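*Asks:* One file is attached below, target-v7.txt, containing compact mmCIF, C-alpha atoms.
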```txt
# COMPACT_ATOMS: atom_id res chain seq x y z
CA MET A 25 142.98 78.74 59.95
CA LEU A 26 140.93 80.24 63.07
CA LEU A 27 137.96 82.02 61.70
CA GLU A 28 139.49 85.33 61.91
CA LYS A 29 142.46 83.27 62.76
CA MET A 30 142.51 80.93 59.83
CA SER A 31 144.12 83.94 58.16
CA LEU A 32 145.20 84.45 58.70
CA GLY A 33 147.81 82.03 61.51
CA LYS A 34 145.69 79.53 59.95
CA LEU A 35 146.28 81.19 57.21
CA ASN A 36 147.79 79.98 59.53
CA CYS A 37 148.12 80.93 59.14
CA VAL A 38 146.26 80.40 56.20
CA ILE A 39 145.98 81.57 55.73
CA ILE A 40 145.14 83.20 56.30
CA VAL A 41 142.84 81.36 59.06
CA LEU A 42 140.05 84.11 61.00
CA VAL A 43 138.33 82.85 64.21
CA THR A 44 136.61 84.75 67.00
CA TYR A 45 135.77 82.67 70.03
CA PHE A 46 133.96 84.87 72.48
CA LEU A 47 130.33 85.69 71.84
CA SER A 48 128.88 88.66 73.66
CA GLN A 49 125.67 88.33 75.64
CA ASN A 50 124.90 92.01 75.10
CA ALA A 51 122.98 93.45 72.16
CA HIS A 52 125.16 93.47 69.04
CA SER A 53 125.19 96.05 66.30
CA GLU A 54 125.91 94.94 62.76
CA LEU A 55 129.38 95.16 61.27
CA GLN A 56 129.43 97.57 58.35
CA VAL A 57 131.68 98.60 55.50
CA GLY A 58 133.04 102.09 56.11
CA PHE A 59 132.52 101.86 59.87
CA TYR A 60 135.33 104.36 60.53
CA SER A 61 134.39 106.82 57.78
CA TYR A 62 133.59 109.56 60.27
CA SER A 63 135.41 108.54 63.46
CA CYS A 64 138.80 107.69 61.85
CA ASP A 65 138.62 108.00 58.09
CA MET A 66 142.30 107.10 57.56
CA ALA A 67 142.07 103.81 59.49
CA GLU A 68 142.16 101.39 56.57
CA PHE A 69 144.82 103.43 54.75
CA ILE A 70 147.09 103.45 57.82
CA VAL A 71 146.78 99.68 58.27
CA LYS A 72 147.43 99.04 54.58
CA ASP A 73 150.49 101.28 54.66
CA GLU A 74 152.00 99.32 57.55
CA VAL A 75 151.17 95.95 55.95
CA THR A 76 152.67 97.10 52.62
CA LYS A 77 155.90 98.29 54.25
CA SER A 78 156.25 94.99 56.09
CA TYR A 79 155.41 92.96 52.97
CA ASN A 80 158.03 94.83 50.95
CA ARG A 81 160.63 93.87 53.57
CA ASN A 82 159.40 90.28 53.87
CA PRO A 83 156.76 88.96 51.43
CA GLY A 84 156.35 85.88 53.62
CA ILE A 85 154.55 88.00 56.20
CA ALA A 86 151.36 87.72 54.11
CA ALA A 87 150.86 84.14 55.26
CA GLY A 88 151.40 85.05 58.90
CA LEU A 89 148.66 87.66 59.09
CA GLY A 90 145.04 86.87 59.66
CA CYS A 91 143.85 85.97 63.12
CA ASP A 92 141.45 87.29 65.72
CA ALA A 93 142.50 89.80 68.37
CA SER A 94 142.60 87.25 71.18
CA VAL A 95 145.72 85.72 69.64
CA LEU A 96 147.53 89.05 70.03
CA LEU A 97 147.33 88.95 73.82
CA ASP A 98 150.56 88.01 75.57
CA SER A 99 150.69 85.28 78.19
CA THR A 100 150.60 86.34 81.83
CA PRO A 101 151.99 84.62 84.95
CA SER A 102 148.56 83.09 85.53
CA ASN A 103 147.53 82.28 81.95
CA THR A 104 149.15 80.84 78.81
CA ALA A 105 147.75 82.72 75.83
CA GLU A 106 146.83 81.36 72.40
CA LYS A 107 149.93 82.77 70.70
CA ASP A 108 152.10 80.47 72.85
CA SER A 109 150.20 77.33 71.91
CA PRO A 110 152.27 74.71 70.03
CA ALA A 111 149.69 75.04 67.24
CA ASN A 112 150.57 78.71 66.76
CA LYS A 113 154.21 78.93 67.78
CA PRO A 114 156.49 79.44 65.93
CA SER A 115 154.44 79.57 62.69
CA LEU A 116 152.11 82.44 63.62
CA ARG A 117 153.84 85.75 63.07
CA GLY A 118 153.26 89.33 62.01
CA PHE A 119 152.46 90.67 65.48
CA GLU A 120 154.78 93.63 64.97
CA VAL A 121 152.78 94.71 61.91
CA ILE A 122 149.62 94.93 64.00
CA ASP A 123 151.52 96.69 66.80
CA ASN A 124 152.88 99.30 64.38
CA ALA A 125 149.48 99.94 62.82
CA LYS A 126 147.85 100.24 66.24
CA ALA A 127 150.49 102.73 67.41
CA LYS A 128 149.92 104.91 64.33
CA LEU A 129 146.17 104.76 64.78
CA GLU A 130 146.38 105.68 68.45
CA GLU A 131 148.31 108.82 67.44
CA VAL A 132 145.51 110.06 65.19
CA CYS A 133 142.39 108.30 66.51
CA GLN A 134 142.96 107.43 70.13
CA GLY A 135 140.78 104.61 71.43
CA ILE A 136 138.74 104.29 68.24
CA VAL A 137 140.01 101.42 66.08
CA SER A 138 139.98 97.92 67.59
CA CYS A 139 142.77 95.41 67.24
CA ALA A 140 140.22 92.95 65.83
CA ASP A 141 139.41 95.33 62.98
CA ILE A 142 143.10 96.04 62.36
CA ILE A 143 143.63 92.30 61.88
CA ALA A 144 140.65 92.00 59.54
CA PHE A 145 141.95 94.90 57.43
CA ALA A 146 145.50 93.48 57.46
CA ALA A 147 144.28 90.06 56.33
CA ARG A 148 142.51 91.65 53.35
CA ASP A 149 145.57 93.75 52.51
CA SER A 150 147.80 90.66 52.66
CA VAL A 151 145.54 88.85 50.21
CA GLU A 152 145.76 91.78 47.79
CA LEU A 153 149.54 92.07 48.10
CA ALA A 154 149.85 88.34 47.36
CA GLN A 155 147.89 88.94 44.12
CA GLY A 156 144.54 87.74 45.42
CA LEU A 157 141.24 89.59 44.96
CA GLY A 158 140.56 92.51 47.26
CA TYR A 159 137.27 92.87 49.10
CA ASP A 160 135.43 95.30 51.36
CA VAL A 161 135.80 94.56 55.07
CA PRO A 162 132.78 95.17 57.30
CA ALA A 163 134.10 96.66 60.55
CA GLY A 164 132.97 97.60 64.03
CA ARG A 165 134.46 94.71 65.98
CA ARG A 166 135.44 95.01 69.61
CA ASP A 167 138.36 93.25 71.29
CA GLY A 168 137.92 90.30 73.61
CA ARG A 169 139.54 90.26 77.04
CA ILE A 170 140.45 86.58 77.23
CA SER A 171 143.01 84.42 75.41
CA LEU A 172 143.22 80.74 76.35
CA VAL A 173 145.71 78.25 74.99
CA SER A 174 143.03 75.56 75.35
CA ASP A 175 140.95 77.16 72.59
CA THR A 176 143.53 76.23 69.97
CA ARG A 177 143.02 72.55 70.76
CA THR A 178 139.37 72.63 69.68
CA ASP A 179 139.24 75.37 67.05
CA LEU A 180 142.36 74.82 64.94
CA PRO A 181 142.25 71.89 62.51
CA PRO A 182 145.44 69.82 62.82
CA PRO A 183 147.22 68.79 59.61
CA THR A 184 146.23 65.16 60.25
CA PHE A 185 142.45 65.72 60.00
CA ASN A 186 140.45 63.77 57.42
CA VAL A 187 137.72 65.28 55.28
CA ASN A 188 134.89 64.33 57.65
CA GLN A 189 136.65 65.88 60.63
CA LEU A 190 137.34 69.05 58.66
CA THR A 191 133.72 69.28 57.50
CA GLN A 192 132.43 68.88 61.05
CA LEU A 193 134.85 71.46 62.48
CA PHE A 194 133.93 74.08 59.90
CA ALA A 195 130.23 73.31 60.30
CA LYS A 196 130.49 74.17 63.99
CA LYS A 197 131.50 77.66 62.89
CA GLY A 198 128.63 77.92 60.43
CA LEU A 199 130.72 77.24 57.35
CA SER A 200 129.72 74.85 54.60
CA GLN A 201 131.81 72.07 53.13
CA GLU A 202 132.30 74.15 49.98
CA GLU A 203 133.55 77.07 52.08
CA MET A 204 135.90 74.68 53.87
CA VAL A 205 137.41 73.61 50.54
CA THR A 206 137.60 77.24 49.41
CA LEU A 207 139.35 78.39 52.58
CA SER A 208 141.74 75.45 52.52
CA GLY A 209 143.12 77.04 49.37
CA ALA A 210 144.80 79.65 51.58
CA HIS A 211 147.53 77.01 51.90
CA THR A 212 148.68 78.27 48.52
CA ILE A 213 150.94 80.71 50.39
CA GLY A 214 153.19 80.33 53.38
CA ARG A 215 155.46 77.64 54.73
CA SER A 216 155.29 74.73 57.12
CA HIS A 217 157.62 73.25 59.70
CA CYS A 218 158.66 69.65 59.09
CA SER A 219 156.87 68.38 62.18
CA ALA A 220 153.50 69.14 60.59
CA PHE A 221 153.89 66.51 57.87
CA SER A 222 156.86 64.27 58.76
CA ASN A 223 154.43 61.50 59.75
CA ARG A 224 153.69 61.12 56.03
CA LEU A 225 157.36 60.55 55.22
CA TYR A 226 158.58 58.10 57.84
CA ASN A 227 156.98 55.03 59.46
CA PHE A 228 153.59 55.99 58.09
CA SER A 229 151.96 52.64 58.88
CA ALA A 230 152.67 49.00 59.49
CA THR A 231 152.44 48.32 55.76
CA SER A 232 153.91 51.49 54.25
CA ARG A 233 156.98 53.49 55.18
CA GLN A 234 155.52 56.64 53.63
CA ASP A 235 152.02 57.84 52.81
CA PRO A 236 151.04 56.05 49.57
CA SER A 237 148.87 59.02 48.57
CA LEU A 238 152.00 61.20 48.37
CA ASP A 239 153.74 61.54 45.00
CA PRO A 240 157.05 59.59 45.34
CA SER A 241 159.20 62.29 43.76
CA TYR A 242 157.68 64.94 45.99
CA ALA A 243 158.16 62.68 49.02
CA SER A 244 161.85 62.35 48.11
CA PHE A 245 162.16 66.14 47.90
CA LEU A 246 160.51 66.56 51.30
CA LYS A 247 162.80 63.95 52.86
CA ARG A 248 165.81 65.89 51.67
CA GLN A 249 164.41 69.03 53.25
CA CYS A 250 163.32 67.26 56.45
CA PRO A 251 165.69 64.37 57.29
CA GLN A 252 164.38 61.68 59.61
CA GLY A 253 165.17 62.43 63.24
CA ASN A 254 165.80 66.11 62.53
CA THR A 255 165.38 68.32 65.60
CA ASN A 256 165.97 71.71 63.94
CA GLN A 257 162.79 73.68 64.59
CA ASN A 258 163.78 76.26 61.98
CA LEU A 259 163.52 73.93 58.98
CA VAL A 260 160.56 74.90 56.80
CA VAL A 261 159.25 74.12 53.32
CA PRO A 262 156.85 76.13 51.14
CA MET A 263 153.23 75.06 51.16
CA ASP A 264 152.98 75.50 47.39
CA PRO A 265 156.48 75.13 45.88
CA SER A 266 155.51 76.46 42.44
CA SER A 267 154.24 79.83 43.74
CA PRO A 268 154.81 80.08 47.52
CA GLY A 269 154.16 83.82 47.71
CA THR A 270 151.16 84.08 45.40
CA ILE A 271 147.50 83.45 46.17
CA ASP A 272 146.49 81.29 43.23
CA ALA A 273 144.87 77.95 42.45
CA GLY A 274 148.19 76.11 42.53
CA TYR A 275 147.13 74.50 45.81
CA TYR A 276 144.36 72.58 44.02
CA ASN A 277 146.66 71.51 41.21
CA ASP A 278 149.06 70.18 43.84
CA ILE A 279 146.28 68.11 45.39
CA LEU A 280 145.36 66.64 42.01
CA ALA A 281 149.03 65.73 41.47
CA ASN A 282 149.24 64.10 44.93
CA ARG A 283 151.66 66.81 46.01
CA ALA A 284 149.65 68.33 48.85
CA LEU A 285 151.78 68.86 51.94
CA PHE A 286 149.30 67.94 54.69
CA THR A 287 147.02 64.95 55.14
CA SER A 288 144.25 67.52 55.71
CA ASP A 289 144.87 68.81 52.17
CA GLN A 290 145.23 65.52 50.30
CA THR A 291 142.15 64.16 52.06
CA LEU A 292 139.97 66.46 49.94
CA LEU A 293 140.26 63.88 47.13
CA THR A 294 138.80 61.10 49.27
CA ASN A 295 135.26 62.48 49.16
CA THR A 296 133.21 62.78 45.98
CA GLU A 297 131.86 66.24 46.76
CA THR A 298 135.12 67.79 47.91
CA ALA A 299 137.08 66.17 45.07
CA SER A 300 134.65 67.76 42.62
CA LEU A 301 135.24 71.16 44.24
CA VAL A 302 139.01 70.68 44.06
CA ASN A 303 138.73 70.03 40.32
CA GLU A 304 136.39 72.99 39.87
CA ASN A 305 138.72 75.38 41.68
CA ALA A 306 141.73 74.13 39.71
CA ARG A 307 139.86 74.72 36.42
CA ASP A 308 138.59 78.20 37.32
CA PRO A 309 141.11 80.12 39.44
CA TYR A 310 139.18 83.40 39.21
CA GLN A 311 135.99 81.81 40.50
CA TRP A 312 137.95 80.35 43.42
CA ALA A 313 139.55 83.73 44.20
CA SER A 314 136.10 85.30 44.25
CA LYS A 315 134.76 82.58 46.55
CA LEU A 316 137.78 83.04 48.82
CA ALA A 317 137.06 86.75 49.19
CA ASP A 318 133.43 86.01 50.09
CA ALA A 319 134.46 83.33 52.59
CA MET A 320 136.98 85.66 54.22
CA VAL A 321 134.26 88.26 54.78
CA LYS A 322 131.97 85.63 56.27
CA MET A 323 134.68 84.30 58.57
CA GLY A 324 135.45 87.77 59.81
CA GLN A 325 131.90 88.16 61.08
CA ILE A 326 131.59 84.88 62.97
CA GLY A 327 131.29 85.53 66.69
CA ALA A 328 132.48 89.12 66.36
CA LEU A 329 132.07 91.25 69.47
CA THR A 330 130.26 94.50 68.69
CA GLY A 331 128.28 97.22 70.42
CA ASN A 332 129.19 97.46 74.10
CA ALA A 333 130.79 94.03 74.30
CA GLY A 334 134.51 93.70 74.92
CA GLU A 335 136.71 96.78 74.61
CA VAL A 336 138.95 98.71 72.23
CA ARG A 337 142.45 97.93 73.43
CA THR A 338 145.06 100.66 73.64
CA ASN A 339 147.81 98.06 73.29
CA CYS A 340 146.88 94.95 71.33
CA ARG A 341 149.07 92.75 73.54
CA VAL A 342 147.29 93.43 76.83
CA VAL A 343 143.75 94.11 77.96
CA ASN A 344 143.15 97.65 79.07
CA SER A 345 142.82 96.80 82.76
CA TYR A 346 146.47 95.61 82.75
CA GLN A 347 147.88 98.78 81.16
```
As a first step, turn the structure in this file into structure tokens.

*Replies:*
Amino acid sequence: MLLEKMSLGKLNCVIIVLVTYFLSQNAHSELQVGFYSYSCDMAEFIVKDEVTKSYNRNPGIAAGLGCDASVLLDSTPSNTAEKDSPANKPSLRGFEVIDNAKAKLEEVCQGIVSCADIIAFAARDSVELAQGLGYDVPAGRRDGRISLVSDTRTDLPPPTFNVNQLTQLFAKKGLSQEEMVTLSGAHTIGRSHCSAFSNRLYNFSATSRQDPSLDPSYASFLKRQCPQGNTNQNLVVPMDPSSPGTIDAGYYNDILANRALFTSDQTLLTNTETASLVNENARDPYQWASKLADAMVKMGQIGALTGNAGEVRTNCRVVNSYQ
């Protein structure tokens, strides 16, 4: 989950995982709720309408939304963009939702609403549609002009990370260990390709054929879904089998039952502090949902370009100088 990208691609996305990489060296203005109240007062409604229409056609889109605007940029002959990184492709999706919202906004408010803000609004709307808590989104972001595939290698946590590696990665973005555990709960929705967890099922170690921390019955189910040696890139399994399309605390219950899909999920029980948070979130789903909303707002402000930095793209897939 990028920190505007842990949405939601994070989220894969994550969630919804949100990450913004490029910090401006110019003076920044503060993001603010209601930023478009006077310049484009229908902005949030237009985005929500497009997200809702897409969700009604395909509820799974909720897990694919939630990233920063740099991931929207297409690759060029001289640069491979983030969206074409193995970490994002083919799991990151929902680009057409952002494109549709941007096109509608350009019709009524030309050059006003940034792609970065559209994504932040869409991530919030996806959470609501998946029965999570809604929240106000501070806006006023500008769009970056660079998208590098190399950024995904250092900013996206792989599914093999242990709890210490996760804590350190999130800390680099200014997020606490508790916020890391909270945001990991975005894995309650969405699906995963077999390659992300097959190492837990086959030839796990010299002493164990499969990960001993994985519930045997769940491991058997996963093996049926993802046979050893399978090369079909389209095979996927739900992240949270009991409620794959609902943002709830089922993720934490899965961890406690040793039925977490990724090593980076199950590892939360290997540390006293994070294990306590897992139990707390499982016991009090509403408190977790509230913490998730707060963490999403915080993520959306990390490294955001504002003021005169960056640009407001006309087309979210290309920087303005290429249009």

*Asks:* Which distance in Å separates atom CA of A:Val161 and atom CA of A:Val321, to one decimal?

*Replies:* 6.5 Å

*Asks:* Show which residues sit within 9 Å of A:Leu225, as a PyMOL selection string. Count all atoms listed in the file, and ignore same-chain residues fewer than 3 positions away.

*Replies:* chain A and resi 221-222+228+233-235+238+243-244+246-247+252

*Asks:* Go through A:Ala147, A:Leu293, A:Ala220, A:Ala319 one by one, measure the shortest atom-to-atom distance of each to A:Pro182 using all atoms listed in the file, and give the residue with the smallest value.

*Replies:* A:Ala220

*Asks:* Expressed in Å to a single decimal, how great is the separation between atom CA of A:Lys72 and atom CA of A:Thr270?

*Replies:*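 Atom-to-atom, atom CA of A:Lys72 to atom CA of A:Thr270, that is 17.9 Å.
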
*Asks:* Which residue gives the smallest distance to A:Ile279 among A:Val260, A:Val121, A:Val151, A:Val205, with only C-alpha atoms counted?

*Replies:*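 Counting only C-alpha atoms, the residue closest to A:Ile279 is A:Val205.
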
*Asks:* Find the distance between atom CA of A:Phe69 and atom CA of A:Met320 and write it in Å to one decimal.

*Replies:* 19.4 Å

*Asks:* Within 12 Å of stretch 135-139 of chain A, counting all atoms listed in the file, which residues qualify if same-chain residues fewer than 6 places away don't, as a ChimeraX atom specification?

*Replies:* /A:28,59-68,70-71,90-97,119,121-129,145-146,163-169,328-330,334-344

*Asks:* I want to know what sits within 8 Å of A:Lys197, based on only C-alpha atoms, with residues of the same chain fewer than 2 positions away left out; could you give that as number ranges by chain?

*Replies:* A: 27, 193-195, 199, 326

*Asks:* Leaving out A:Tyr310 and any residue of its chain fewer than 3 positions from it, which residues lie within 9 Å of it when counting only C-alpha atoms, given as number ranges by chain?

*Replies:* A: 157, 272-273, 305, 313-315

*Asks:* Might you pull out every residue within 12 Å of A:Asn295, with only C-alpha atoms counted and same-chain residues fewer than 5 positions away left off, and present them as a PyMOL selection string?

*Replies:* chain A and resi 186-188+190-191+201+205+289-290+300-302

*Asks:* So which one's closest to A:Ala144, A:Pro236, A:Gly158, A:Gly253, A:Gly324? Using all atoms listed in the file, please.

*Replies:*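 Closest candidate: A:Gly324.
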
*Asks:* Could you check the closest approach to A:Pro262 for each of A:Tyr275, A:Arg248, A:Gly214, A:Ala306 and tell me which residue wins, using all atoms listed in the file?

*Replies:*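 Closest candidate: A:Gly214.
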
*Asks:* Could you tell me which of A:Ser237, A:Gln189, A:Asn258, A:Gln311 comes closest to A:Ala284 if we count only C-alpha atoms?

*Replies:* A:Ser237

*Asks:* Each residue of stretch 146-211 of chain A with at least one atom at most 9 Å from stretch 74-84 of chain A should appear once, together with its nearest atom pair and the corresponding distance in Å (one decimal); atoms considered: all atoms listed in the file; ordering: chain, then increasing residue number; output as a tab-separated table.

*Replies:*
```
residue	atom	partner	partner_atom	distance
A:Ala146	CA	A:Val75	CA	6.4
A:Asp149	CA	A:Val75	CA	6.9
A:Ser150	CA	A:Val75	CA	7.1
A:Leu153	CA	A:Thr76	CA	7.5
A:Ala154	CA	A:Pro83	CA	8.0
```

*Asks:* Can you sort out stretch 224-235 of chain A so it carries all heavy atoms, written as a PDB file, keeping the file's coordinate frame?

*Replies:*
```pdb
ATOM      1  N   ARG A 224     153.982  61.648  57.356  1.00  0.00           N
ATOM      2  CA  ARG A 224     153.690  61.120  56.030  1.00  0.00           C
ATOM      3  C   ARG A 224     154.932  60.577  55.340  1.00  0.00           C
ATOM      4  O   ARG A 224     154.825  59.867  54.341  1.00  0.00           O
ATOM      5  CB  ARG A 224     153.059  62.203  55.139  1.00  0.00           C
ATOM      6  CG  ARG A 224     151.790  62.832  55.682  1.00  0.00           C
ATOM      7  CD  ARG A 224     151.190  63.790  54.676  1.00  0.00           C
ATOM      8  NE  ARG A 224     150.634  63.076  53.534  1.00  0.00           N
ATOM      9  CZ  ARG A 224     150.340  63.652  52.365  1.00  0.00           C
ATOM     10  NH1 ARG A 224     150.611  64.935  52.173  1.00  0.00           N
ATOM     11  NH2 ARG A 224     149.812  62.939  51.378  1.00  0.00           N
ATOM     12  N   LEU A 225     156.103  60.913  55.865  1.00  0.00           N
ATOM     13  CA  LEU A 225     157.360  60.550  55.220  1.00  0.00           C
ATOM     14  C   LEU A 225     158.036  59.338  55.832  1.00  0.00           C
ATOM     15  O   LEU A 225     158.740  58.596  55.141  1.00  0.00           O
ATOM     16  CB  LEU A 225     158.334  61.734  55.281  1.00  0.00           C
ATOM     17  CG  LEU A 225     157.853  63.057  54.695  1.00  0.00           C
ATOM     18  CD1 LEU A 225     158.913  64.136  54.905  1.00  0.00           C
ATOM     19  CD2 LEU A 225     157.525  62.900  53.218  1.00  0.00           C
ATOM     20  N   TYR A 226     157.848  59.136  57.136  1.00  0.00           N
ATOM     21  CA  TYR A 226     158.580  58.100  57.840  1.00  0.00           C
ATOM     22  C   TYR A 226     157.650  57.273  58.727  1.00  0.00           C
ATOM     23  O   TYR A 226     156.831  57.825  59.462  1.00  0.00           O
ATOM     24  CB  TYR A 226     159.670  58.731  58.717  1.00  0.00           C
ATOM     25  CG  TYR A 226     160.574  59.676  57.966  1.00  0.00           C
ATOM     26  CD1 TYR A 226     160.470  61.055  58.136  1.00  0.00           C
ATOM     27  CD2 TYR A 226     161.543  59.194  57.084  1.00  0.00           C
ATOM     28  CE1 TYR A 226     161.313  61.929  57.460  1.00  0.00           C
ATOM     29  CE2 TYR A 226     162.387  60.062  56.398  1.00  0.00           C
ATOM     30  CZ  TYR A 226     162.264  61.431  56.585  1.00  0.00           C
ATOM     31  OH  TYR A 226     163.092  62.289  55.909  1.00  0.00           O
ATOM     32  N   ASN A 227     157.761  55.952  58.621  1.00  0.00           N
ATOM     33  CA  ASN A 227     156.980  55.030  59.460  1.00  0.00           C
ATOM     34  C   ASN A 227     155.499  55.377  59.452  1.00  0.00           C
ATOM     35  O   ASN A 227     154.847  55.474  60.495  1.00  0.00           O
ATOM     36  CB  ASN A 227     157.506  55.079  60.916  1.00  0.00           C
ATOM     37  CG  ASN A 227     158.983  54.739  60.991  1.00  0.00           C
ATOM     38  OD1 ASN A 227     159.449  53.808  60.337  1.00  0.00           O
ATOM     39  ND2 ASN A 227     159.720  55.506  61.781  1.00  0.00           N
ATOM     40  N   PHE A 228     154.982  55.567  58.247  1.00  0.00           N
ATOM     41  CA  PHE A 228     153.590  55.990  58.090  1.00  0.00           C
ATOM     42  C   PHE A 228     152.613  54.969  58.661  1.00  0.00           C
ATOM     43  O   PHE A 228     151.654  55.313  59.340  1.00  0.00           O
ATOM     44  CB  PHE A 228     153.284  56.250  56.613  1.00  0.00           C
ATOM     45  CG  PHE A 228     151.869  56.669  56.347  1.00  0.00           C
ATOM     46  CD1 PHE A 228     151.423  57.930  56.706  1.00  0.00           C
ATOM     47  CD2 PHE A 228     150.975  55.789  55.733  1.00  0.00           C
ATOM     48  CE1 PHE A 228     150.107  58.320  56.462  1.00  0.00           C
ATOM     49  CE2 PHE A 228     149.661  56.180  55.482  1.00  0.00           C
ATOM     50  CZ  PHE A 228     149.229  57.442  55.849  1.00  0.00           C
ATOM     51  N   SER A 229     152.847  53.696  58.374  1.00  0.00           N
ATOM     52  CA  SER A 229     151.960  52.640  58.880  1.00  0.00           C
ATOM     53  C   SER A 229     152.721  51.328  58.923  1.00  0.00           C
ATOM     54  O   SER A 229     153.885  51.242  58.511  1.00  0.00           O
ATOM     55  CB  SER A 229     150.726  52.502  57.973  1.00  0.00           C
ATOM     56  OG  SER A 229     151.095  51.960  56.711  1.00  0.00           O
ATOM     57  N   ALA A 230     152.039  50.312  59.396  1.00  0.00           N
ATOM     58  CA  ALA A 230     152.670  49.000  59.490  1.00  0.00           C
ATOM     59  C   ALA A 230     152.974  48.407  58.124  1.00  0.00           C
ATOM     60  O   ALA A 230     153.848  47.551  57.976  1.00  0.00           O
ATOM     61  CB  ALA A 230     151.769  48.051  60.279  1.00  0.00           C
ATOM     62  N   THR A 231     152.271  48.875  57.100  1.00  0.00           N
ATOM     63  CA  THR A 231     152.440  48.320  55.760  1.00  0.00           C
ATOM     64  C   THR A 231     153.126  49.268  54.773  1.00  0.00           C
ATOM     65  O   THR A 231     153.455  48.879  53.665  1.00  0.00           O
ATOM     66  CB  THR A 231     151.067  47.923  55.175  1.00  0.00           C
ATOM     67  OG1 THR A 231     150.220  49.083  55.148  1.00  0.00           O
ATOM     68  CG2 THR A 231     150.424  46.839  56.028  1.00  0.00           C
ATOM     69  N   SER A 232     153.326  50.512  55.169  1.00  0.00           N
ATOM     70  CA  SER A 232     153.910  51.490  54.250  1.00  0.00           C
ATOM     71  C   SER A 232     154.815  52.456  55.007  1.00  0.00           C
ATOM     72  O   SER A 232     154.394  53.065  55.992  1.00  0.00           O
ATOM     73  CB  SER A 232     152.810  52.264  53.526  1.00  0.00           C
ATOM     74  OG  SER A 232     153.339  53.221  52.651  1.00  0.00           O
ATOM     75  N   ARG A 233     156.047  52.585  54.524  1.00  0.00           N
ATOM     76  CA  ARG A 233     156.980  53.490  55.180  1.00  0.00           C
ATOM     77  C   ARG A 233     156.576  54.951  54.997  1.00  0.00           C
ATOM     78  O   ARG A 233     156.797  55.777  55.874  1.00  0.00           O
ATOM     79  CB  ARG A 233     158.401  53.276  54.643  1.00  0.00           C
ATOM     80  CG  ARG A 233     159.018  51.947  55.061  1.00  0.00           C
ATOM     81  CD  ARG A 233     160.433  51.814  54.525  1.00  0.00           C
ATOM     82  NE  ARG A 233     161.301  52.900  54.971  1.00  0.00           N
ATOM     83  CZ  ARG A 233     161.923  52.904  56.151  1.00  0.00           C
ATOM     84  NH1 ARG A 233     161.751  51.897  56.990  1.00  0.00           N
ATOM     85  NH2 ARG A 233     162.706  53.914  56.477  1.00  0.00           N
ATOM     86  N   GLN A 234     155.994  55.277  53.844  1.00  0.00           N
ATOM     87  CA  GLN A 234     155.520  56.640  53.630  1.00  0.00           C
ATOM     88  C   GLN A 234     154.092  56.615  53.114  1.00  0.00           C
ATOM     89  O   GLN A 234     153.603  55.585  52.642  1.00  0.00           O
ATOM     90  CB  GLN A 234     156.421  57.396  52.654  1.00  0.00           C
ATOM     91  CG  GLN A 234     156.355  56.918  51.217  1.00  0.00           C
ATOM     92  CD  GLN A 234     157.382  57.619  50.332  1.00  0.00           C
ATOM     93  OE1 GLN A 234     158.508  57.872  50.733  1.00  0.00           O
ATOM     94  NE2 GLN A 234     156.991  57.931  49.103  1.00  0.00           N
ATOM     95  N   ASP A 235     153.412  57.730  53.218  1.00  0.00           N
ATOM     96  CA  ASP A 235     152.020  57.840  52.810  1.00  0.00           C
ATOM     97  C   ASP A 235     151.895  57.494  51.325  1.00  0.00           C
ATOM     98  O   ASP A 235     152.465  58.185  50.472  1.00  0.00           O
ATOM     99  CB  ASP A 235     151.535  59.265  53.078  1.00  0.00           C
ATOM    100  CG  ASP A 235     150.044  59.441  52.842  1.00  0.00           C
ATOM    101  OD1 ASP A 235     149.428  58.584  52.184  1.00  0.00           O
ATOM    102  OD2 ASP A 235     149.492  60.456  53.310  1.00  0.00           O
TER     103      ASP A 235
END
```
